[in-house]
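J.: Questions regarding the structure given below will be posed in turn.
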Amino acid sequence: MKHKKASSGAVCPCGRGQLYAACCGRYHGGQPVPSAEALMRSRYSAFVMGNEAYLRQSWAAGNLPDEPLLDAAVKWLGLTILSTEAGGEQDQTGVVTFVARYKVNGRAGRMQERSRFVREQGLWRYLDGDVGDAATS
């Protein structure tokens with residue numbers, strides 16, 4: 001799946017209400033992510049935009065799955081951060097709990113995950129998460 005390019009005036013899909021270029025776009029472009037929550041938001045934006053390369057490079061070493069990370073049938077609709085634990089500039093680990101809304105073949109769903117993040121060589125990386133999924137129509 002080729003990833004979508006955001007227009008210069010596009011609002012970032014992560015839900016912060018900022019322009020993509022000033023928000024997750026800078027992380028997708030290579031700027032270091034300052035927190036676990038910012039990495040979570042930038043990964044969500046990468047899912048929305050089909051940016052598998054970013055998803056792979058932001059995964060913790062040794063935990064990256066072999067299978068494709070994107071499913072073209074999934075249309076991501078919105079992200080809500082429920083809570084964060086640690087994950088700041090002075091931390092080595094962090095946890096972000098979120099709900100992401102999506103549609104697959106016209107059917108709406110919600111995925112809730114408690115994601116764990118770690119610093120590797122000073123950079124935030126996604127380690128793993130506990131996923132719950134409750135479909136809604």
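Letters for chains follow the order of the structure tokens (A, B, ...), residue numbers begin at 1 for each chain, and ligand numbers begin at 1 in the order shown.
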Go through range 13-77 of chain A residue by residue and, counting only C-alpha atoms, keep those with an atom at most 6 Å from range 88-110 of chain A; for each kept residue give the shortest atom pair and its distance in Å to one decimal, ordered by chain and increasing number, as CSV.
T.:
```
residue,atom,partner,partner_atom,distance
A:Ser35,CA,A:Gly88,CA,5.0
A:Ala36,CA,A:Gly94,CA,5.8
A:Ala73,CA,A:Val104,CA,5.6
A:Val74,CA,A:Val104,CA,4.9
A:Lys75,CA,A:Lys103,CA,5.2
A:Trp76,CA,A:Tyr102,CA,4.3
A:Leu77,CA,A:Tyr102,CA,5.0
```
J.: Using C-alpha atoms, can you export the residues from the last selection as a short mmCIF file (atom, residue, chain, number, x, y, z; two decimals), in the first residue's frame?
T.:
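Saved as selection24.cif:
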```cif
data_model
loop_
_atom_site.label_atom_id
_atom_site.label_comp_id
_atom_site.auth_asym_id
_atom_site.auth_seq_id
_atom_site.Cartn_x
_atom_site.Cartn_y
_atom_site.Cartn_z
CA SER A 35 7.10 11.47 24.33
CA ALA A 36 5.31 8.14 24.30
CA ALA A 73 -9.83 -2.49 4.00
CA VAL A 74 -9.53 -0.53 7.28
CA LYS A 75 -10.50 3.15 7.23
CA TRP A 76 -9.38 4.88 10.43
CA LEU A 77 -11.89 7.48 11.66
#
```
J.: Tell me, which residues of range 9-78 of chain A carry DSSP strand (DSSP E or B), written as a ChimeraX atom specification?
T.: /A:11,19,59,74-78
J.: Keeping only C-alpha atoms, take the residues you just selected and write them out as a PDB file, in the first residue's frame.
T.:
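Everything below was put into part_28.pdb:
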```
ATOM      1  CA  VAL A  11      -5.225  18.841   9.626  1.00  0.00           C
ATOM      2  CA  LEU A  19      -1.679  21.068  10.730  1.00  0.00           C
ATOM      3  CA  TRP A  59       8.726  -0.368  16.519  1.00  0.00           C
ATOM      4  CA  VAL A  74      -9.534  -0.531   7.275  1.00  0.00           C
ATOM      5  CA  LYS A  75     -10.502   3.151   7.229  1.00  0.00           C
ATOM      6  CA  TRP A  76      -9.380   4.879  10.433  1.00  0.00           C
ATOM      7  CA  LEU A  77     -11.890   7.477  11.665  1.00  0.00           C
ATOM      8  CA  GLY A  78     -10.586   8.960  14.916  1.00  0.00           C
TER       9      GLY A  78
END
```
J.: Could you check which of A:Ile81, A:Val131, A:Ala21, A:Leu123 is closest to Met111 in chain A, using only C-alpha atoms?
T.: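 Closest candidate: A:Val131.
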J.: Report the distance between CA of Ser115 in chain A and CA of Ala10 in chain A in Å, rounded to one decimal place.
T.: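 CA of Ser115 in chain A sits 26.8 Å away from CA of Ala10 in chain A.
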J.: By how many Å are CA of Tyr126 in chain A and CA of Ala60 in chain A apart?
T.: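 So the two atoms, CA of Tyr126 in chain A and CA of Ala60 in chain A, lie 5.5 Å apart.
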J.: Of the candidates A:Glu113, A:Glu120, A:Asp71, A:Glu37, which shows the shortest atom-to-atom distance to Met49 in chain A, using only C-alpha atoms?
T.: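 Counting only C-alpha atoms, the residue closest to Met49 in chain A is A:Asp71.
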